[in-house]
>>> print(open('structure.txt').read())   # compact mmCIF, N, CA and C atoms
# COMPACT_ATOMS: atom_id res chain seq x y z
N MET A 1 116.35 65.04 148.81
CA MET A 1 116.52 65.63 147.52
C MET A 1 117.60 66.71 147.65
N THR A 2 118.57 66.62 146.77
CA THR A 2 119.68 67.57 146.84
C THR A 2 119.29 68.86 146.12
N ALA A 3 120.12 69.82 146.24
CA ALA A 3 119.87 71.12 145.63
C ALA A 3 119.84 70.99 144.10
N ASN A 4 120.71 70.16 143.56
CA ASN A 4 120.72 69.96 142.10
C ASN A 4 119.44 69.30 141.63
N GLU A 5 118.96 68.33 142.40
CA GLU A 5 117.72 67.65 142.03
C GLU A 5 116.53 68.61 142.10
N LYS A 6 116.51 69.47 143.12
CA LYS A 6 115.44 70.47 143.22
C LYS A 6 115.49 71.44 142.04
N THR A 7 116.69 71.88 141.69
CA THR A 7 116.85 72.80 140.56
C THR A 7 116.42 72.13 139.27
N LEU A 8 116.81 70.88 139.11
CA LEU A 8 116.44 70.12 137.91
C LEU A 8 114.92 69.91 137.84
N ALA A 9 114.28 69.60 138.96
CA ALA A 9 112.83 69.41 139.01
C ALA A 9 112.12 70.73 138.71
N ASN A 10 112.63 71.80 139.27
CA ASN A 10 112.05 73.14 139.02
C ASN A 10 112.18 73.50 137.54
N PHE A 11 113.35 73.22 136.96
CA PHE A 11 113.59 73.49 135.54
C PHE A 11 112.63 72.67 134.68
N GLU A 12 112.48 71.38 135.04
CA GLU A 12 111.59 70.50 134.28
C GLU A 12 110.14 71.01 134.34
N THR A 13 109.71 71.47 135.51
CA THR A 13 108.36 72.00 135.68
C THR A 13 108.16 73.25 134.81
N ARG A 14 109.12 74.13 134.87
CA ARG A 14 109.04 75.37 134.08
C ARG A 14 109.04 75.06 132.57
N LEU A 15 109.84 74.11 132.16
CA LEU A 15 109.91 73.72 130.76
C LEU A 15 108.56 73.17 130.28
N ARG A 16 107.94 72.33 131.11
CA ARG A 16 106.62 71.80 130.76
C ARG A 16 105.58 72.92 130.66
N GLN A 17 105.65 73.87 131.57
CA GLN A 17 104.73 75.01 131.54
C GLN A 17 104.93 75.82 130.25
N MET A 18 106.18 76.01 129.87
CA MET A 18 106.47 76.75 128.65
C MET A 18 105.96 76.01 127.42
N ILE A 19 106.11 74.70 127.39
CA ILE A 19 105.63 73.90 126.26
C ILE A 19 104.10 74.00 126.16
N LEU A 20 103.41 73.90 127.30
CA LEU A 20 101.95 74.03 127.30
C LEU A 20 101.52 75.41 126.83
N ARG A 21 102.20 76.43 127.33
CA ARG A 21 101.87 77.80 126.92
C ARG A 21 102.11 77.99 125.42
N PHE A 22 103.21 77.43 124.91
CA PHE A 22 103.52 77.51 123.49
C PHE A 22 102.41 76.86 122.66
N GLN A 23 101.94 75.69 123.10
CA GLN A 23 100.87 75.00 122.36
C GLN A 23 99.58 75.82 122.38
N GLU A 24 99.27 76.45 123.52
CA GLU A 24 98.08 77.30 123.61
C GLU A 24 98.19 78.48 122.66
N LEU A 25 99.37 79.10 122.65
CA LEU A 25 99.58 80.26 121.78
C LEU A 25 99.55 79.87 120.31
N LYS A 26 100.04 78.68 120.01
CA LYS A 26 100.02 78.20 118.64
C LYS A 26 98.57 78.01 118.17
N LYS A 27 97.72 77.43 119.03
CA LYS A 27 96.31 77.26 118.70
C LYS A 27 95.61 78.61 118.54
N GLU A 28 95.90 79.53 119.43
CA GLU A 28 95.30 80.86 119.37
C GLU A 28 95.74 81.58 118.09
N ASN A 29 96.99 81.44 117.73
CA ASN A 29 97.50 82.06 116.50
C ASN A 29 96.77 81.50 115.28
N ALA A 30 96.58 80.19 115.23
CA ALA A 30 95.87 79.57 114.11
C ALA A 30 94.43 80.09 114.04
N ARG A 31 93.77 80.20 115.19
CA ARG A 31 92.40 80.71 115.25
C ARG A 31 92.35 82.16 114.77
N LEU A 32 93.31 82.96 115.19
CA LEU A 32 93.34 84.36 114.77
C LEU A 32 93.64 84.51 113.28
N CYS A 33 94.47 83.63 112.75
CA CYS A 33 94.76 83.66 111.31
C CYS A 33 93.51 83.35 110.50
N VAL A 34 92.73 82.36 110.94
CA VAL A 34 91.47 82.03 110.26
C VAL A 34 90.51 83.21 110.36
N SER A 35 90.44 83.81 111.53
CA SER A 35 89.56 84.97 111.71
C SER A 35 89.98 86.13 110.82
N LEU A 36 91.28 86.35 110.70
CA LEU A 36 91.79 87.41 109.84
C LEU A 36 91.45 87.15 108.38
N GLU A 37 91.61 85.93 107.93
CA GLU A 37 91.27 85.58 106.54
C GLU A 37 89.78 85.79 106.28
N ASN A 38 88.95 85.38 107.24
CA ASN A 38 87.50 85.58 107.08
C ASN A 38 87.17 87.07 107.00
N SER A 39 87.84 87.87 107.83
CA SER A 39 87.60 89.31 107.81
C SER A 39 88.04 89.92 106.49
N LYS A 40 89.18 89.46 105.97
CA LYS A 40 89.65 89.97 104.67
C LYS A 40 88.66 89.63 103.57
N LYS A 41 88.13 88.41 103.59
CA LYS A 41 87.14 88.01 102.58
C LYS A 41 85.88 88.86 102.68
N GLU A 42 85.44 89.11 103.91
CA GLU A 42 84.24 89.91 104.11
C GLU A 42 84.47 91.35 103.64
N ILE A 43 85.64 91.90 103.93
CA ILE A 43 85.97 93.26 103.49
C ILE A 43 85.98 93.32 101.96
N ALA A 44 86.58 92.32 101.33
CA ALA A 44 86.62 92.29 99.86
C ALA A 44 85.21 92.21 99.29
N SER A 45 84.38 91.38 99.89
CA SER A 45 82.99 91.24 99.43
C SER A 45 82.22 92.55 99.59
N LEU A 46 82.38 93.19 100.73
CA LEU A 46 81.69 94.45 100.98
C LEU A 46 82.21 95.56 100.07
N SER A 47 83.49 95.53 99.77
CA SER A 47 84.06 96.53 98.85
C SER A 47 83.48 96.35 97.46
N GLU A 48 83.35 95.11 97.02
CA GLU A 48 82.74 94.84 95.71
C GLU A 48 81.29 95.33 95.68
N LYS A 49 80.56 95.04 96.75
CA LYS A 49 79.16 95.48 96.81
C LYS A 49 79.08 97.00 96.79
N LEU A 50 79.97 97.66 97.53
CA LEU A 50 79.97 99.12 97.56
C LEU A 50 80.27 99.68 96.18
N GLU A 51 81.26 99.12 95.51
CA GLU A 51 81.60 99.59 94.16
C GLU A 51 80.44 99.40 93.20
N GLN A 52 79.77 98.25 93.29
CA GLN A 52 78.61 98.00 92.43
C GLN A 52 77.49 98.99 92.72
N GLN A 53 77.26 99.27 94.00
CA GLN A 53 76.21 100.22 94.38
C GLN A 53 76.55 101.62 93.87
N GLN A 54 77.83 101.99 93.94
CA GLN A 54 78.23 103.30 93.43
C GLN A 54 78.04 103.38 91.92
N ASN A 55 78.39 102.30 91.23
CA ASN A 55 78.18 102.27 89.78
C ASN A 55 76.69 102.36 89.43
N ASP A 56 75.89 101.62 90.18
CA ASP A 56 74.44 101.67 89.95
C ASP A 56 73.89 103.08 90.20
N TYR A 57 74.37 103.70 91.27
CA TYR A 57 73.92 105.06 91.61
C TYR A 57 74.32 106.04 90.51
N ASN A 58 75.56 105.94 90.04
CA ASN A 58 76.01 106.85 88.99
C ASN A 58 75.23 106.63 87.70
N SER A 59 74.94 105.38 87.39
CA SER A 59 74.13 105.09 86.20
C SER A 59 72.73 105.67 86.34
N LEU A 60 72.18 105.53 87.52
CA LEU A 60 70.85 106.07 87.77
C LEU A 60 70.85 107.60 87.67
N LYS A 61 71.90 108.21 88.20
CA LYS A 61 72.01 109.67 88.11
C LYS A 61 72.09 110.11 86.65
N MET A 62 72.91 109.42 85.88
CA MET A 62 73.06 109.77 84.47
C MET A 62 71.74 109.55 83.73
N ALA A 63 71.07 108.45 84.02
CA ALA A 63 69.79 108.17 83.37
C ALA A 63 68.77 109.24 83.72
N LYS A 64 68.80 109.69 84.95
CA LYS A 64 67.86 110.72 85.38
C LYS A 64 68.16 112.04 84.67
N MET A 65 69.47 112.31 84.46
CA MET A 65 69.85 113.56 83.80
C MET A 65 69.41 113.58 82.35
N ILE A 66 69.42 112.44 81.69
CA ILE A 66 69.07 112.43 80.27
C ILE A 66 67.70 111.78 80.02
N GLU A 67 66.93 111.72 81.06
CA GLU A 67 65.60 111.13 80.95
C GLU A 67 64.77 111.89 79.92
N ILE A 68 64.19 111.14 79.01
CA ILE A 68 63.41 111.77 77.94
C ILE A 68 61.95 111.35 78.10
N THR A 69 61.12 112.35 78.26
CA THR A 69 59.68 112.09 78.31
C THR A 69 59.04 112.81 77.13
N ASP A 70 57.80 112.53 76.90
CA ASP A 70 57.10 113.11 75.75
C ASP A 70 57.12 114.64 75.77
N GLY A 71 56.99 115.22 76.92
CA GLY A 71 56.85 116.67 77.01
C GLY A 71 58.16 117.44 76.95
N ASN A 72 59.31 116.82 77.17
CA ASN A 72 60.53 117.62 77.25
C ASN A 72 61.67 117.05 76.41
N LEU A 73 61.37 116.63 75.20
CA LEU A 73 62.40 116.12 74.29
C LEU A 73 63.43 117.21 73.98
N THR A 74 62.97 118.41 73.73
CA THR A 74 63.88 119.52 73.43
C THR A 74 64.75 119.83 74.65
N ASN A 75 64.13 119.84 75.80
CA ASN A 75 64.86 120.11 77.04
C ASN A 75 65.94 119.03 77.27
N ALA A 76 65.59 117.80 77.01
CA ALA A 76 66.55 116.71 77.17
C ALA A 76 67.70 116.85 76.19
N LYS A 77 67.40 117.23 74.96
CA LYS A 77 68.45 117.44 73.96
C LYS A 77 69.38 118.57 74.39
N ASP A 78 68.80 119.63 74.93
CA ASP A 78 69.61 120.76 75.40
C ASP A 78 70.54 120.33 76.55
N ARG A 79 69.99 119.55 77.48
CA ARG A 79 70.82 119.07 78.60
C ARG A 79 71.93 118.16 78.11
N LEU A 80 71.62 117.30 77.16
CA LEU A 80 72.62 116.40 76.61
C LEU A 80 73.70 117.18 75.86
N SER A 81 73.29 118.20 75.11
CA SER A 81 74.26 119.05 74.41
C SER A 81 75.16 119.78 75.41
N LYS A 82 74.57 120.25 76.50
CA LYS A 82 75.37 120.92 77.54
C LYS A 82 76.37 119.95 78.15
N LEU A 83 75.94 118.74 78.42
CA LEU A 83 76.86 117.74 78.96
C LEU A 83 78.02 117.48 78.00
N ILE A 84 77.70 117.38 76.72
CA ILE A 84 78.74 117.14 75.71
C ILE A 84 79.71 118.32 75.66
N ARG A 85 79.17 119.55 75.72
CA ARG A 85 80.05 120.73 75.72
C ARG A 85 80.96 120.73 76.95
N ASP A 86 80.39 120.38 78.12
CA ASP A 86 81.20 120.32 79.34
C ASP A 86 82.31 119.29 79.23
N VAL A 87 82.00 118.15 78.68
CA VAL A 87 83.01 117.11 78.50
C VAL A 87 84.09 117.60 77.53
N ASN A 88 83.68 118.24 76.45
CA ASN A 88 84.65 118.76 75.49
C ASN A 88 85.55 119.83 76.12
N LYS A 89 84.97 120.68 76.99
CA LYS A 89 85.78 121.68 77.69
C LYS A 89 86.81 121.01 78.59
N CYS A 90 86.38 119.98 79.29
CA CYS A 90 87.30 119.25 80.18
C CYS A 90 88.43 118.62 79.37
N ILE A 91 88.10 118.04 78.25
CA ILE A 91 89.12 117.42 77.40
C ILE A 91 90.10 118.48 76.90
N ALA A 92 89.58 119.64 76.51
CA ALA A 92 90.45 120.71 76.03
C ALA A 92 91.37 121.19 77.15
N ILE A 93 90.85 121.35 78.34
CA ILE A 93 91.67 121.78 79.48
C ILE A 93 92.76 120.76 79.77
N LEU A 94 92.38 119.49 79.77
CA LEU A 94 93.38 118.45 80.02
C LEU A 94 94.43 118.39 78.92
N SER A 95 94.02 118.62 77.68
CA SER A 95 94.96 118.63 76.57
C SER A 95 95.95 119.79 76.73
N ASP A 96 95.46 120.95 77.14
CA ASP A 96 96.32 122.12 77.35
C ASP A 96 97.32 121.87 78.47
N GLU A 97 96.88 121.21 79.53
CA GLU A 97 97.76 120.94 80.67
C GLU A 97 98.85 119.94 80.32
N ASN A 98 98.56 119.02 79.44
CA ASN A 98 99.53 117.99 79.07
C ASN A 98 100.59 118.50 78.09
N GLN A 99 100.33 119.63 77.48
CA GLN A 99 101.29 120.15 76.50
C GLN A 99 102.23 121.10 77.11
>>> encode(input="structure.txt", output="structure tokens")
Amino acid sequence: MTANEKTLANFETRLRQMILRFQELKKENARLCVSLENSKKEIASLSEKLEQQQNDYNSLKMAKMIEITDGNLTNAKDRLSKLIRDVNKCIAILSDENQ
């Protein structure tokens, strides 16, 4: 075997190794892309659940604040009036800032 034949055989061996490595990396990339998509879907799902839980919590908080029972109708009206005044103050402040 001449030097050129040895070099050519060595080159051919290295080329085959590179092709095999490329195919392995291509498969790994495809697997990682699927994993990434699954993770994105899971994150989106969990974000939706978190947002729904926050909305539910805020609704529950508001319901608790304006809860009306037989014994404290006046108290509930006073709390609701205070909330309305606070909201009106906030609106007035925001209106002043925008002008």
>>> atom_distance(input="structure.txt", atom1="atom C of Met65 (chain A)", atom2="CA of Lys82 (chain A)")
10.6 Å
>>> atom_distance(input="structure.txt", atom1="CA of Asn58 (chain A)", atom2="CA of Val87 (chain A)")
16.3 Å
>>> atom_distance(input="structure.txt", atom1="atom C of Lys64 (chain A)", atom2="atom C of Leu94 (chain A)")
27.6 Å
>>> decode(input="structure.txt", residues="region 17-40 of chain A", atoms="N, CA, C and O atoms", output="mmCIF file, in the first residue's frame")
data_model
loop_
_atom_site.group_PDB
_atom_site.id
_atom_site.type_symbol
_atom_site.label_atom_id
_atom_site.label_comp_id
_atom_site.auth_asym_id
_atom_site.auth_seq_id
_atom_site.Cartn_x
_atom_site.Cartn_y
_atom_site.Cartn_z
ATOM 1 N N GLN A 17 -16.657 8.264 9.725
ATOM 2 C CA GLN A 17 -16.865 8.596 11.130
ATOM 3 C C GLN A 17 -17.641 9.918 11.263
ATOM 4 O O GLN A 17 -18.546 10.035 12.088
ATOM 5 N N MET A 18 -17.286 10.878 10.434
ATOM 6 C CA MET A 18 -17.977 12.165 10.465
ATOM 7 C C MET A 18 -19.441 12.017 10.054
ATOM 8 O O MET A 18 -20.335 12.632 10.646
ATOM 9 N N ILE A 19 -19.705 11.196 9.047
ATOM 10 C CA ILE A 19 -21.080 10.972 8.600
ATOM 11 C C ILE A 19 -21.897 10.313 9.712
ATOM 12 O O ILE A 19 -23.033 10.714 9.987
ATOM 13 N N LEU A 20 -21.321 9.313 10.382
ATOM 14 C CA LEU A 20 -22.014 8.651 11.492
ATOM 15 C C LEU A 20 -22.284 9.630 12.632
ATOM 16 O O LEU A 20 -23.383 9.642 13.201
ATOM 17 N N ARG A 21 -21.279 10.430 12.950
ATOM 18 C CA ARG A 21 -21.443 11.417 14.026
ATOM 19 C C ARG A 21 -22.525 12.435 13.657
ATOM 20 O O ARG A 21 -23.332 12.830 14.491
ATOM 21 N N PHE A 22 -22.543 12.865 12.393
ATOM 22 C CA PHE A 22 -23.558 13.802 11.919
ATOM 23 C C PHE A 22 -24.953 13.213 12.080
ATOM 24 O O PHE A 22 -25.886 13.879 12.540
ATOM 25 N N GLN A 23 -25.113 11.934 11.706
ATOM 26 C CA GLN A 23 -26.420 11.288 11.830
ATOM 27 C C GLN A 23 -26.847 11.183 13.296
ATOM 28 O O GLN A 23 -28.015 11.385 13.635
ATOM 29 N N GLU A 24 -25.898 10.876 14.189
ATOM 30 C CA GLU A 24 -26.207 10.813 15.615
ATOM 31 C C GLU A 24 -26.652 12.177 16.136
ATOM 32 O O GLU A 24 -27.635 12.290 16.872
ATOM 33 N N LEU A 25 -25.919 13.213 15.728
ATOM 34 C CA LEU A 25 -26.255 14.564 16.176
ATOM 35 C C LEU A 25 -27.592 15.022 15.613
ATOM 36 O O LEU A 25 -28.350 15.730 16.283
ATOM 37 N N LYS A 26 -27.887 14.609 14.394
ATOM 38 C CA LYS A 26 -29.165 14.960 13.780
ATOM 39 C C LYS A 26 -30.318 14.330 14.567
ATOM 40 O O LYS A 26 -31.326 14.993 14.844
ATOM 41 N N LYS A 27 -30.166 13.053 14.963
ATOM 42 C CA LYS A 27 -31.189 12.383 15.764
ATOM 43 C C LYS A 27 -31.337 13.039 17.134
ATOM 44 O O LYS A 27 -32.446 13.253 17.619
ATOM 45 N N GLU A 28 -30.218 13.370 17.744
ATOM 46 C CA GLU A 28 -30.247 14.014 19.054
ATOM 47 C C GLU A 28 -30.920 15.386 18.958
ATOM 48 O O GLU A 28 -31.714 15.763 19.822
ATOM 49 N N ASN A 29 -30.630 16.120 17.908
ATOM 50 C CA ASN A 29 -31.251 17.429 17.704
ATOM 51 C C ASN A 29 -32.766 17.294 17.570
ATOM 52 O O ASN A 29 -33.517 18.070 18.155
ATOM 53 N N ALA A 30 -33.217 16.313 16.805
ATOM 54 C CA ALA A 30 -34.656 16.089 16.637
ATOM 55 C C ALA A 30 -35.302 15.745 17.979
ATOM 56 O O ALA A 30 -36.376 16.265 18.317
ATOM 57 N N ARG A 31 -34.642 14.905 18.767
ATOM 58 C CA ARG A 31 -35.153 14.531 20.087
ATOM 59 C C ARG A 31 -35.222 15.747 21.007
ATOM 60 O O ARG A 31 -36.218 15.966 21.700
ATOM 61 N N LEU A 32 -34.200 16.583 20.961
ATOM 62 C CA LEU A 32 -34.186 17.778 21.801
ATOM 63 C C LEU A 32 -35.249 18.793 21.366
ATOM 64 O O LEU A 32 -35.852 19.465 22.207
ATOM 65 N N CYS A 33 -35.491 18.876 20.069
ATOM 66 C CA CYS A 33 -36.539 19.782 19.574
ATOM 67 C C CYS A 33 -37.912 19.339 20.066
ATOM 68 O O CYS A 33 -38.732 20.171 20.479
ATOM 69 N N VAL A 34 -38.170 18.029 20.034
ATOM 70 C CA VAL A 34 -39.441 17.501 20.543
ATOM 71 C C VAL A 34 -39.550 17.783 22.040
ATOM 72 O O VAL A 34 -40.606 18.216 22.522
ATOM 73 N N SER A 35 -38.467 17.563 22.755
ATOM 74 C CA SER A 35 -38.466 17.822 24.196
ATOM 75 C C SER A 35 -38.718 19.296 24.490
ATOM 76 O O SER A 35 -39.476 19.641 25.408
ATOM 77 N N LEU A 36 -38.118 20.168 23.707
ATOM 78 C CA LEU A 36 -38.315 21.604 23.876
ATOM 79 C C LEU A 36 -39.767 21.994 23.622
ATOM 80 O O LEU A 36 -40.357 22.769 24.388
ATOM 81 N N GLU A 37 -40.362 21.460 22.587
ATOM 82 C CA GLU A 37 -41.768 21.754 22.283
ATOM 83 C C GLU A 37 -42.675 21.271 23.410
ATOM 84 O O GLU A 37 -43.611 21.971 23.809
ATOM 85 N N ASN A 38 -42.398 20.071 23.928
ATOM 86 C CA ASN A 38 -43.193 19.551 25.042
ATOM 87 C C ASN A 38 -43.062 20.451 26.267
ATOM 88 O O ASN A 38 -44.042 20.719 26.959
ATOM 89 N N SER A 39 -41.847 20.924 26.522
ATOM 90 C CA SER A 39 -41.621 21.810 27.667
ATOM 91 C C SER A 39 -42.361 23.131 27.482
ATOM 92 O O SER A 39 -42.949 23.654 28.426
ATOM 93 N N LYS A 40 -42.336 23.656 26.257
ATOM 94 C CA LYS A 40 -43.057 24.910 25.986
ATOM 95 C C LYS A 40 -44.553 24.732 26.212
ATOM 96 O O LYS A 40 -45.210 25.606 26.784
#
